[in-house]
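> So I've got this file, start.cif, and it contains mmCIF, C-alpha atoms and all ligand atoms:
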```cif
data_upload
#
loop_
_atom_site.label_atom_id
_atom_site.label_comp_id
_atom_site.auth_asym_id
_atom_site.auth_seq_id
_atom_site.Cartn_x
_atom_site.Cartn_y
_atom_site.Cartn_z
CA MET A 12 168.31 133.63 8.82
CA SER A 13 166.35 133.53 12.08
CA GLU A 14 166.45 136.26 14.70
CA SER A 15 168.71 134.09 16.86
CA HIS A 16 171.69 134.60 14.54
CA VAL A 17 174.56 136.24 16.44
CA SER A 18 175.32 139.20 14.23
CA ASP A 19 178.10 141.68 14.89
CA SER A 20 175.58 144.24 16.03
CA VAL A 21 174.42 141.92 18.81
CA ILE A 22 177.72 141.37 20.57
CA VAL A 23 180.41 143.49 18.98
CA GLY A 24 181.03 147.22 18.88
CA TRP A 25 179.34 148.03 22.16
CA GLU A 26 181.75 150.78 23.19
CA ASN A 27 180.74 152.86 20.17
CA HIS A 28 177.02 152.29 20.57
CA PRO A 29 175.27 155.68 21.00
CA PHE A 30 173.41 154.61 24.16
CA TYR A 31 176.59 153.33 25.82
CA SER A 32 178.70 156.31 24.77
CA GLY A 33 175.85 158.64 25.80
CA VAL A 34 175.79 157.29 29.36
CA LEU A 35 179.58 157.29 29.47
CA GLY A 36 179.70 160.89 28.20
CA ALA A 37 177.19 162.00 30.85
CA MET A 38 179.27 160.24 33.51
CA GLU A 39 182.40 161.97 32.27
CA ARG A 40 180.80 165.41 32.47
CA ALA A 41 179.33 164.77 35.91
CA GLY A 42 182.64 163.32 37.05
CA ARG A 43 184.44 166.47 35.99
CA ALA A 44 182.07 168.54 38.14
CA ILE A 45 183.15 166.64 41.25
CA GLN A 46 186.79 166.32 40.11
CA ILE A 47 186.53 162.57 40.10
CA ASP A 48 189.73 160.61 40.48
CA ARG A 49 190.85 159.77 36.94
CA ASN A 50 191.66 156.15 37.78
CA VAL A 51 188.25 155.66 39.33
CA PHE A 52 186.60 157.08 36.23
CA ASN A 53 188.64 154.84 33.97
CA ARG A 54 187.55 151.81 35.94
CA LEU A 55 183.89 152.86 35.71
CA SER A 56 184.08 153.40 31.97
CA LYS A 57 183.93 149.66 31.29
CA PRO A 58 181.79 146.88 32.74
CA LYS A 59 183.46 144.69 35.34
CA ARG A 60 182.16 141.45 33.84
CA VAL A 61 180.25 140.48 30.72
CA LEU A 62 178.73 137.08 30.05
CA TYR A 63 177.28 136.09 26.69
CA VAL A 64 175.21 132.90 26.62
CA SER A 65 173.32 131.14 23.89
CA VAL A 66 169.93 129.99 25.08
CA PRO A 67 168.57 126.99 23.18
CA VAL A 68 164.84 126.48 23.60
CA ARG A 69 162.65 123.64 22.34
CA MET A 70 159.73 125.43 20.72
CA ASP A 71 156.18 124.11 20.75
CA ASP A 72 156.59 122.93 17.16
CA GLY A 73 159.46 120.64 18.20
CA THR A 74 162.29 122.70 16.68
CA ILE A 75 165.09 124.16 18.76
CA GLN A 76 165.61 127.88 18.50
CA VAL A 77 168.77 129.47 19.88
CA PHE A 78 168.45 132.90 21.50
CA ASP A 79 171.20 135.33 22.51
CA GLY A 80 171.41 136.14 26.22
CA PHE A 81 173.59 138.42 28.33
CA ARG A 82 174.36 139.28 31.91
CA VAL A 83 176.55 142.31 32.52
CA GLN A 84 177.89 143.29 35.93
CA HIS A 85 179.07 146.85 35.69
CA ASN A 86 180.39 147.43 39.21
CA THR A 87 180.24 145.62 42.55
CA THR A 88 182.07 148.00 44.88
CA LEU A 89 179.02 148.80 47.01
CA GLY A 90 177.63 145.28 47.18
CA PRO A 91 176.17 142.46 45.09
CA ALA A 92 175.38 143.26 41.46
CA LYS A 93 171.72 144.24 41.04
CA GLY A 94 169.54 144.91 38.04
CA GLY A 95 166.74 143.62 35.89
CA ILE A 96 166.40 141.11 33.08
CA ARG A 97 164.90 142.27 29.81
CA TYR A 98 163.19 140.15 27.16
CA HIS A 99 163.02 142.23 23.99
CA ILE A 100 163.82 141.78 20.33
CA ASP A 101 166.41 144.60 20.36
CA VAL A 102 168.46 143.36 23.35
CA ASN A 103 172.18 143.48 22.60
CA LEU A 104 175.43 143.72 24.51
CA ALA A 105 175.85 147.48 24.11
CA GLU A 106 172.38 148.28 25.45
CA THR A 107 172.71 145.76 28.30
CA SER A 108 176.07 147.26 29.26
CA ALA A 109 174.72 150.82 29.18
CA LEU A 110 171.75 149.75 31.33
CA ALA A 111 174.12 147.99 33.78
CA MET A 112 176.12 151.22 34.09
CA LEU A 113 172.91 153.13 34.80
CA MET A 114 172.08 150.58 37.52
CA THR A 115 175.44 151.22 39.23
CA LEU A 116 174.71 154.95 39.18
CA LYS A 117 171.11 154.47 40.34
CA ASN A 118 171.95 152.20 43.26
CA SER A 119 174.73 154.47 44.45
CA LEU A 120 172.56 157.58 44.07
CA VAL A 121 169.81 156.27 46.36
CA GLY A 122 172.31 154.87 48.86
CA LEU A 123 171.74 151.14 48.42
CA PRO A 124 174.48 148.64 49.35
CA LEU A 125 174.33 147.23 45.82
CA GLY A 126 176.34 147.29 42.63
CA GLY A 127 174.92 147.54 39.11
CA ALA A 128 174.01 144.86 36.59
CA LYS A 129 171.61 144.12 33.75
CA GLY A 130 170.67 141.08 31.76
CA GLY A 131 168.56 140.25 28.80
CA VAL A 132 167.55 137.79 26.15
CA ARG A 133 167.03 138.88 22.57
CA CYS A 134 163.53 137.55 21.87
CA ASP A 135 159.97 138.71 21.32
CA PRO A 136 158.23 137.54 24.51
CA ASN A 137 154.80 138.19 22.98
CA LYS A 138 155.47 135.51 20.40
CA LEU A 139 156.46 132.87 22.97
CA SER A 140 153.96 130.52 24.57
CA ARG A 141 154.02 130.20 28.37
CA LYS A 142 155.83 126.88 27.99
CA GLU A 143 158.47 128.37 25.69
CA LYS A 144 158.96 131.38 27.97
CA GLN A 145 159.43 129.10 30.96
CA ALA A 146 161.95 126.94 29.07
CA LEU A 147 163.83 130.04 27.93
CA THR A 148 163.92 131.46 31.47
CA ARG A 149 165.11 128.21 33.04
CA ARG A 150 167.84 127.68 30.46
CA TYR A 151 168.98 131.30 30.60
CA THR A 152 169.10 131.11 34.41
CA THR A 153 171.18 127.95 34.26
CA GLU A 154 173.57 129.49 31.75
CA ILE A 155 174.18 132.59 33.90
CA SER A 156 173.90 130.81 37.28
CA MET A 157 177.68 130.95 37.79
CA LEU A 158 177.20 134.69 38.36
CA LEU A 159 174.03 134.56 40.47
CA GLY A 160 173.42 134.35 44.20
CA PRO A 161 171.96 136.46 47.01
CA GLU A 162 175.45 137.72 47.87
CA LYS A 163 176.64 137.94 44.25
CA ASP A 164 174.10 139.05 41.69
CA ILE A 165 170.36 139.53 42.14
CA PRO A 166 168.16 139.95 39.04
CA ALA A 167 164.70 141.55 38.92
CA PRO A 168 162.01 142.24 36.31
CA ASP A 169 162.50 144.70 33.46
CA ILE A 170 160.80 145.12 30.07
CA GLY A 171 159.17 141.86 28.96
CA THR A 172 159.62 140.04 32.28
CA ASP A 173 157.44 139.90 35.39
CA ALA A 174 156.88 138.22 38.77
CA GLN A 175 156.21 134.85 37.08
CA THR A 176 159.54 135.06 35.22
CA MET A 177 161.29 135.79 38.53
CA ALA A 178 159.52 132.81 40.16
CA TRP A 179 160.90 130.47 37.44
CA LEU A 180 164.35 131.99 37.91
CA MET A 181 164.18 131.54 41.69
CA ASP A 182 162.97 127.95 41.29
CA THR A 183 165.69 127.05 38.78
CA TYR A 184 168.43 128.46 40.99
CA SER A 185 166.92 126.81 44.09
CA GLN A 186 166.76 123.40 42.32
CA GLN A 187 170.46 123.70 41.59
CA VAL A 188 171.48 124.40 45.19
CA GLY A 189 168.89 122.06 46.73
CA HIS A 190 166.89 124.50 48.85
CA ALA A 191 164.68 127.57 48.41
CA VAL A 192 166.75 130.73 47.92
CA PRO A 193 164.34 133.68 47.79
CA GLY A 194 167.18 136.23 48.03
CA VAL A 195 168.54 135.33 44.57
CA VAL A 196 165.93 137.45 42.81
CA THR A 197 163.53 140.30 43.55
CA GLY A 198 160.16 141.19 42.06
CA LYS A 199 158.92 137.69 42.98
CA PRO A 200 155.30 136.81 43.73
CA ILE A 201 154.40 137.54 47.39
CA GLU A 202 153.77 133.83 48.06
CA ILE A 203 157.43 132.91 47.51
CA GLY A 204 158.99 135.83 49.36
CA GLY A 205 158.11 138.87 47.27
CA SER A 206 157.57 142.23 48.95
CA LEU A 207 154.31 144.06 49.28
CA GLY A 208 154.51 147.22 47.21
CA ARG A 209 157.12 145.92 44.74
CA VAL A 210 154.76 145.66 41.75
CA ASP A 211 153.83 149.34 41.81
CA ALA A 212 157.15 150.58 43.29
CA THR A 213 158.68 152.00 40.09
CA GLY A 214 155.50 153.89 39.18
CA ARG A 215 155.08 155.03 42.78
CA GLY A 216 158.65 156.30 42.84
CA VAL A 217 158.05 158.21 39.59
CA VAL A 218 155.04 159.88 41.22
CA TYR A 219 156.95 160.68 44.43
CA THR A 220 159.65 162.44 42.39
CA VAL A 221 156.97 164.30 40.39
CA ILE A 222 155.48 165.48 43.70
CA GLU A 223 158.90 166.75 44.83
CA ALA A 224 159.57 168.41 41.46
CA SER A 225 156.18 170.13 41.41
CA LYS A 226 156.86 171.59 44.88
CA ARG A 227 160.08 173.13 43.57
CA LEU A 228 158.37 174.48 40.47
CA ARG A 229 155.34 175.68 42.49
CA LEU A 230 153.06 173.64 40.29
CA ASP A 231 149.86 172.46 41.99
CA LEU A 232 148.97 168.86 41.26
CA ASN A 233 145.21 168.86 40.67
CA ASP A 234 142.59 167.97 38.06
CA LYS A 235 143.94 170.72 35.79
CA THR A 236 147.37 169.11 35.70
CA ARG A 237 147.68 167.30 32.37
CA VAL A 238 149.83 164.20 32.18
CA ALA A 239 150.93 162.16 29.16
CA ILE A 240 152.51 158.75 29.63
CA GLN A 241 154.32 156.82 26.92
CA GLY A 242 154.12 153.11 27.71
CA PHE A 243 151.45 151.17 29.53
CA GLY A 244 153.52 148.34 30.97
CA ASN A 245 154.18 147.99 34.68
CA VAL A 246 155.78 151.43 35.07
CA GLY A 247 153.38 153.33 32.79
CA TYR A 248 150.24 151.79 34.25
CA HIS A 249 151.18 152.34 37.90
CA SER A 250 152.44 155.87 37.26
CA ALA A 251 149.08 156.62 35.59
CA LYS A 252 147.05 155.03 38.34
CA ILE A 253 148.88 156.65 41.25
CA LEU A 254 149.02 160.08 39.58
CA SER A 255 145.29 159.95 38.93
CA ASP A 256 144.77 158.94 42.60
CA VAL A 257 146.80 162.07 43.47
CA GLY A 258 144.22 164.02 41.44
CA CYS A 259 145.98 164.69 38.11
CA SER A 260 144.31 164.25 34.78
CA ILE A 261 145.96 161.57 32.61
CA VAL A 262 145.15 162.93 29.16
CA ALA A 263 147.20 160.49 27.08
CA VAL A 264 148.72 157.03 27.37
CA SER A 265 150.17 154.68 24.78
CA ASP A 266 151.67 151.28 24.16
CA VAL A 267 153.54 149.89 21.14
CA SER A 268 150.38 150.05 19.01
CA GLY A 269 149.91 153.81 19.57
CA GLY A 270 148.10 155.99 22.07
CA ILE A 271 144.81 157.39 23.32
CA TYR A 272 144.26 161.09 23.87
CA ASN A 273 141.34 162.55 25.78
CA THR A 274 141.46 166.13 27.09
CA LYS A 275 138.95 165.14 29.78
CA GLY A 276 141.21 162.35 30.98
CA VAL A 277 141.64 158.71 29.96
CA ALA A 278 139.82 156.21 32.22
CA ILE A 279 142.84 154.21 33.34
CA GLU A 280 141.09 151.15 34.80
CA GLU A 281 138.76 150.90 31.79
CA LEU A 282 141.75 151.05 29.50
CA ARG A 283 143.46 148.35 31.49
CA ALA A 284 140.39 146.11 31.23
CA TYR A 285 140.24 146.82 27.48
CA ILE A 286 143.89 145.81 27.07
CA ALA A 287 143.32 142.61 29.05
CA GLN A 288 140.72 141.67 26.40
CA ASN A 289 142.26 143.14 23.24
CA LYS A 290 146.01 143.01 24.06
CA THR A 291 146.67 146.65 22.90
CA VAL A 292 145.22 150.15 23.41
CA LYS A 293 144.34 150.25 19.71
CA GLY A 294 140.60 150.79 19.22
CA PHE A 295 139.90 151.85 22.83
CA PRO A 296 136.72 153.96 22.57
CA GLY A 297 137.52 156.40 25.42
CA GLY A 298 139.54 158.95 23.40
CA ASP A 299 141.17 159.83 20.08
CA PHE A 300 144.07 157.97 18.55
CA VAL A 301 147.55 159.56 18.77
CA SER A 302 150.81 158.05 17.60
CA ASN A 303 153.63 157.53 20.07
CA ASP A 304 155.53 160.42 18.50
CA GLU A 305 152.52 162.73 18.75
CA LEU A 306 151.99 161.81 22.38
CA LEU A 307 155.46 163.08 23.31
CA GLU A 308 154.70 166.46 21.75
CA LEU A 309 151.30 167.05 23.40
CA ASP A 310 150.69 170.22 25.36
CA VAL A 311 150.89 168.77 28.87
CA ASP A 312 152.36 169.70 32.25
CA ILE A 313 153.97 166.36 32.97
CA LEU A 314 155.41 163.92 30.46
CA ILE A 315 156.44 160.44 31.54
CA PRO A 316 158.31 158.32 28.99
CA ALA A 317 157.89 154.84 30.45
CA ALA A 318 158.80 152.62 27.51
CA LEU A 319 162.08 152.21 25.64
CA SER A 320 165.30 154.21 25.42
CA GLY A 321 166.03 156.82 22.74
CA GLN A 322 162.51 158.30 22.46
CA ILE A 323 163.39 161.98 22.83
CA THR A 324 166.17 163.01 20.46
CA GLU A 325 167.39 166.14 18.68
CA LYS A 326 164.58 165.45 16.18
CA ASN A 327 161.69 166.06 18.55
CA ALA A 328 163.18 167.70 21.67
CA ASP A 329 162.31 171.15 20.46
CA LYS A 330 158.65 170.18 20.21
CA ILE A 331 158.36 168.85 23.75
CA LYS A 332 156.02 171.12 25.70
CA CYS A 333 155.88 169.68 29.21
CA LYS A 334 157.11 171.45 32.36
CA ILE A 335 158.27 168.26 34.08
CA LEU A 336 159.81 165.32 32.25
CA ALA A 337 159.93 162.34 34.60
CA GLU A 338 161.86 159.44 33.08
CA GLY A 339 160.09 156.22 34.01
CA ALA A 340 162.13 154.41 31.33
CA ASN A 341 165.90 154.01 31.33
CA GLY A 342 167.67 156.28 28.84
CA PRO A 343 164.62 157.75 27.05
CA THR A 344 166.39 161.05 26.27
CA SER A 345 169.49 161.38 24.08
CA PRO A 346 172.34 163.69 25.19
CA GLU A 347 171.57 166.10 22.30
CA ALA A 348 167.92 166.26 23.36
CA ASP A 349 168.98 166.83 26.96
CA ALA A 350 170.75 170.04 26.04
CA ILE A 351 167.76 171.30 24.00
CA LEU A 352 165.32 170.53 26.83
CA PHE A 353 167.53 172.27 29.36
CA ASP A 354 167.64 175.42 27.22
CA LYS A 355 163.87 175.30 26.87
CA GLY A 356 163.49 175.19 30.66
CA VAL A 357 161.99 171.69 30.85
CA PHE A 358 162.64 170.29 34.33
CA THR A 359 163.94 166.73 33.91
CA VAL A 360 163.78 164.15 36.66
CA PRO A 361 166.42 161.80 35.23
CA ASP A 362 165.93 158.04 34.96
CA ILE A 363 168.35 157.03 37.72
CA LEU A 364 166.28 159.12 40.14
CA ALA A 365 162.76 158.97 38.69
CA ASN A 366 162.60 155.20 38.22
CA SER A 367 164.71 154.20 41.23
CA GLY A 368 161.60 153.18 43.22
CA GLY A 369 161.77 149.74 41.61
CA VAL A 370 165.24 148.88 42.81
CA ILE A 371 164.67 150.59 46.18
CA VAL A 372 161.79 148.23 46.92
CA SER A 373 163.82 145.37 45.39
CA TYR A 374 166.38 146.16 48.07
CA PHE A 375 163.61 146.00 50.71
CA GLU A 376 162.52 142.65 49.28
CA TRP A 377 166.07 141.30 49.40
CA VAL A 378 166.50 142.44 53.03
CA GLN A 379 163.13 140.94 54.02
CA GLY A 380 164.09 137.67 52.32
CA LEU A 381 167.45 137.47 54.10
CA GLN A 382 165.84 138.26 57.49
CA LYS A 383 162.69 136.17 56.88
CA PHE A 384 160.77 139.07 58.36
CA PHE A 385 158.20 140.83 56.21
CA TRP A 386 156.94 144.40 56.31
CA SER A 387 153.51 145.96 55.78
CA GLU A 388 152.79 147.76 52.51
CA LYS A 389 152.53 150.99 54.46
CA ASP A 390 156.04 150.53 55.87
CA VAL A 391 157.38 149.77 52.39
CA ASN A 392 155.78 152.87 50.86
CA ASN A 393 156.87 155.12 53.74
CA LYS A 394 160.47 153.94 53.52
CA LEU A 395 160.39 154.34 49.73
CA TRP A 396 159.20 157.92 50.17
CA GLU A 397 161.95 158.61 52.71
CA ILE A 398 164.74 157.31 50.47
CA ILE A 399 163.56 158.75 47.16
CA SER A 400 162.64 162.21 48.45
CA ASN A 401 165.97 162.38 50.25
CA ALA A 402 167.78 161.50 47.00
CA PHE A 403 165.68 164.05 45.12
CA ASN A 404 166.64 166.77 47.58
CA ARG A 405 170.34 165.97 47.37
CA VAL A 406 170.20 166.09 43.57
CA TYR A 407 168.16 169.28 43.60
CA ASP A 408 170.61 170.96 45.98
CA PHE A 409 173.53 170.00 43.74
CA HIS A 410 171.58 171.24 40.70
CA SER A 411 170.86 174.65 42.23
CA GLY A 412 174.26 174.96 43.92
CA ASN A 413 176.22 174.16 40.76
CA LYS A 414 173.82 175.46 38.10
CA MET A 415 173.97 172.04 36.52
CA ASP A 416 171.04 170.20 34.93
CA MET A 417 169.32 167.49 36.96
CA ARG A 418 170.73 164.53 34.98
CA HIS A 419 174.36 165.46 35.46
CA SER A 420 173.64 166.53 39.04
CA ALA A 421 172.16 163.11 39.80
CA ILE A 422 175.16 161.35 38.30
CA ALA A 423 177.53 163.66 40.19
CA VAL A 424 175.82 162.95 43.53
CA SER A 425 175.96 159.25 42.75
CA LEU A 426 179.63 159.37 41.77
CA GLU A 427 180.56 161.27 44.93
CA ARG A 428 179.52 158.28 47.02
CA LEU A 429 180.74 155.60 44.63
CA SER A 430 184.15 157.12 43.96
CA LYS A 431 184.81 157.52 47.70
CA ALA A 432 183.85 153.89 48.22
CA MET A 433 186.16 152.79 45.40
CA LEU A 434 189.05 154.80 46.81
CA TYR A 435 188.51 153.39 50.32
CA ARG A 436 188.44 149.85 49.02
CA GLY A 437 191.50 150.55 46.93
CA PHE A 438 192.83 148.71 43.97
CA PHE A 439 193.64 145.02 43.65
CA PRO A 440 196.33 143.71 43.41
N1 LIG B 501 164.69 146.80 36.11
C1 LIG B 501 164.49 147.80 37.11
C2 LIG B 501 165.39 149.00 36.86
O1 LIG B 501 165.80 149.26 35.75
C3 LIG B 501 164.60 147.23 38.51
C4 LIG B 501 165.92 146.66 38.88
C5 LIG B 501 165.92 145.94 40.21
O2 LIG B 501 164.93 146.00 40.93
O3 LIG B 501 166.93 145.28 40.50
O4 LIG B 501 165.67 149.77 37.74
#
```
Can I see the file as structure tokens?


Amino acid sequence: MSESHVSDSVIVGWENHPFYSGVLGAMERAGRAIQIDRNVFNRLSKPKRVLYVSVPVRMDDGTIQVFDGFRVQHNTTLGPAKGGIRYHIDVNLAETSALAMLMTLKNSLVGLPLGGAKGGVRCDPNKLSRKEKQALTRRYTTEISMLLGPEKDIPAPDIGTDAQTMAWLMDTYSQQVGHAVPGVVTGKPIEIGGSLGRVDATGRGVVYTVIEASKRLRLDLNDKTRVAIQGFGNVGYHSAKILSDVGCSIVAVSDVSGGIYNTKGVAIEELRAYIAQNKTVKGFPGGDFVSNDELLELDVDILIPAALSGQITEKNADKIKCKILAEGANGPTSPEADAILFDKGVFTVPDILANSGGVIVSYFEWVQGLQKFFWSEKDVNNKLWEIISNAFNRVYDFHSGNKMDMRHSAIAVSLERLSKAMLYRGFFP
């Protein structure tokens, strides 16, 4: 049976999925801390709208393969649904729904007038040709287009998708309505209405929150500060690059094939050039090989998981040695691991705060597109700093005022705004 078969695990049983129930459990605990209205919490415990689509694609060999696709809108109280589209072989409804819920919390936390959504297609994008990927993107866009629109639902890149994918999405939607609609998607190429600073925004935001965290922990960021980064996609690479510009030493980075460890620092641009030639970090001469699991347990000051969810669990949490854990990925730490890390005194900058730079600059891109007035990169970065450091401070104040860990504090701060908004808007009918 091919990977496109719709098995129960792809679309059924999402409420019991550990990632979904983990996010829900964290929301419940944070909600209790702010005495959230029970009805509001009940409404937030399920996605507002879930769309499953099958995505038939004519492959280069002439056969038609049918992929599973999803778009989940978790909540739209604050504004249009917003969140990325993921192409990955493990995409399923439970994960997409959990990620949509995290987007609602993230957007509310950083004060954006946006709801939360996520989408994805269950496929291995590395095995698709450019032509197949374009066909898949255009068909998926068409299948979910009833949900999309600059005032309704605005996708963006996530794992396995990029500016080119967003350009195909924008073009497909625009063909359907008969004119160019840049506001239907963010993370586009600059030439068709993308924003300066969007490509590196998530990594930049991670670094800005690390800067804020290190101030609180009185940790100097200099060439003695050791950083390990799991993942060398868009978020991992830009976090590495910007942190090394800040002066830190990036001692380890990895991708799916494994990692490179060099106590003197990994040459980030050389590694990038190597990957452009060889596709993976494997065999890079500038350091020793480490597995992805070993990388997480290295003796470093700052650890940035910037790959998939579920990387730090009760199995390895006790071996994590970093002082600051900045979650570039969504959901990299399990609830059990969270508790262990908290007891160990690891300072976590949770995903909805650490990686919010991406959607913050997506919001800037959307606003620029609607106004047809574009900002300088300096303006984008300054405004990103303003929003993310402000959010960090609010979360930190809640954390110290309530003696609550940073993850639940971030969710609590987010829920304070969102629950008020939901109560003001009231309940229909
Ligand atoms: N996929 C990114 C995230 O998880 C960006 C979402 C967006 O820009 O809408 O935050």

> I need the residue nearest A:Thr220 from this list: A:Ala365, A:Val378, A:Asn53, A:Ala432. Use only C-alpha atoms for the distance.

A:Ala365

> Could you pull the residues within 9 Å of A:Lys275, counting all atoms listed in the file, minus those fewer than 4 positions along the same chain, as an NGL selection string?

:A and (260-262 or 298)

> From the set A:Ala421, A:Val61, A:Leu434, A:Leu123, which residue has the shortest atom-to-atom contact distance to ligand LIG 501 (chain B), counting only C-alpha atoms and all ligand atoms?

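That would be A:Leu123, the residue with the smallest distance to ligand LIG 501 (chain B).
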
> Please produce, as a tab-separated table, a per-residue contact table for chain A versus ligand LIG 501 (chain B) (criterion: any atom at most 6 Å away, all atoms listed in the file considered), showing the nearest atom pair and its distance in Å to one decimal, sorted by chain then residue number.


```
residue	atom	partner	partner_atom	distance
A:Lys93	CA	B:LIG501	O3	4.9
A:Gly94	CA	B:LIG501	O3	3.6
A:Gly95	CA	B:LIG501	N1	3.8
A:Pro166	CA	B:LIG501	O3	5.7
A:Ala167	CA	B:LIG501	O3	4.6
A:Pro168	CA	B:LIG501	N1	5.3
A:Asp169	CA	B:LIG501	N1	4.0
A:Ser367	CA	B:LIG501	O4	5.7
A:Gly369	CA	B:LIG501	C3	4.9
A:Val370	CA	B:LIG501	O2	3.5
A:Ser373	CA	B:LIG501	O2	4.6
```

> From the set A:Leu125, A:Ala340, A:Met157, A:Leu352, which residue has the shortest atom-to-atom contact distance to A:Leu62, counting all atoms listed in the file?

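Of all the options, A:Met157 lies closest to A:Leu62.
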
> When you count all atoms listed in the file, which of these residues is closest to A:Glu223: A:Asn413, A:Asn401, A:Ser32, A:Thr74?

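Distance minimum relative to A:Glu223 lands on A:Asn401.
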
> Excluding same-chain residues fewer than 2 positions from A:Ala174, what lies within 12 Å of it counting all atoms listed in the file, as a CSV table (one decimal) with C-alpha atoms, in the frame of the given file?


```
chain,number,residue,atom,x,y,z
A,95,GLY,CA,166.7,143.6,35.9
A,96,ILE,CA,166.4,141.1,33.1
A,166,PRO,CA,168.2,140.0,39.0
A,167,ALA,CA,164.7,141.6,38.9
A,168,PRO,CA,162.0,142.2,36.3
A,169,ASP,CA,162.5,144.7,33.5
A,170,ILE,CA,160.8,145.1,30.1
A,171,GLY,CA,159.2,141.9,29.0
A,172,THR,CA,159.6,140.0,32.3
A,176,THR,CA,159.5,135.1,35.2
A,177,MET,CA,161.3,135.8,38.5
A,178,ALA,CA,159.5,132.8,40.2
A,179,TRP,CA,160.9,130.5,37.4
A,180,LEU,CA,164.4,132.0,37.9
A,181,MET,CA,164.2,131.5,41.7
A,196,VAL,CA,165.9,137.4,42.8
A,197,THR,CA,163.5,140.3,43.6
A,198,GLY,CA,160.2,141.2,42.1
A,199,LYS,CA,158.9,137.7,43.0
A,200,PRO,CA,155.3,136.8,43.7
A,201,ILE,CA,154.4,137.5,47.4
A,202,GLU,CA,153.8,133.8,48.1
A,203,ILE,CA,157.4,132.9,47.5
A,204,GLY,CA,159.0,135.8,49.4
A,205,GLY,CA,158.1,138.9,47.3
A,206,SER,CA,157.6,142.2,49.0
A,209,ARG,CA,157.1,145.9,44.7
A,210,VAL,CA,154.8,145.7,41.8
A,211,ASP,CA,153.8,149.3,41.8
A,245,ASN,CA,154.2,148.0,34.7
A,373,SER,CA,163.8,145.4,45.4
```
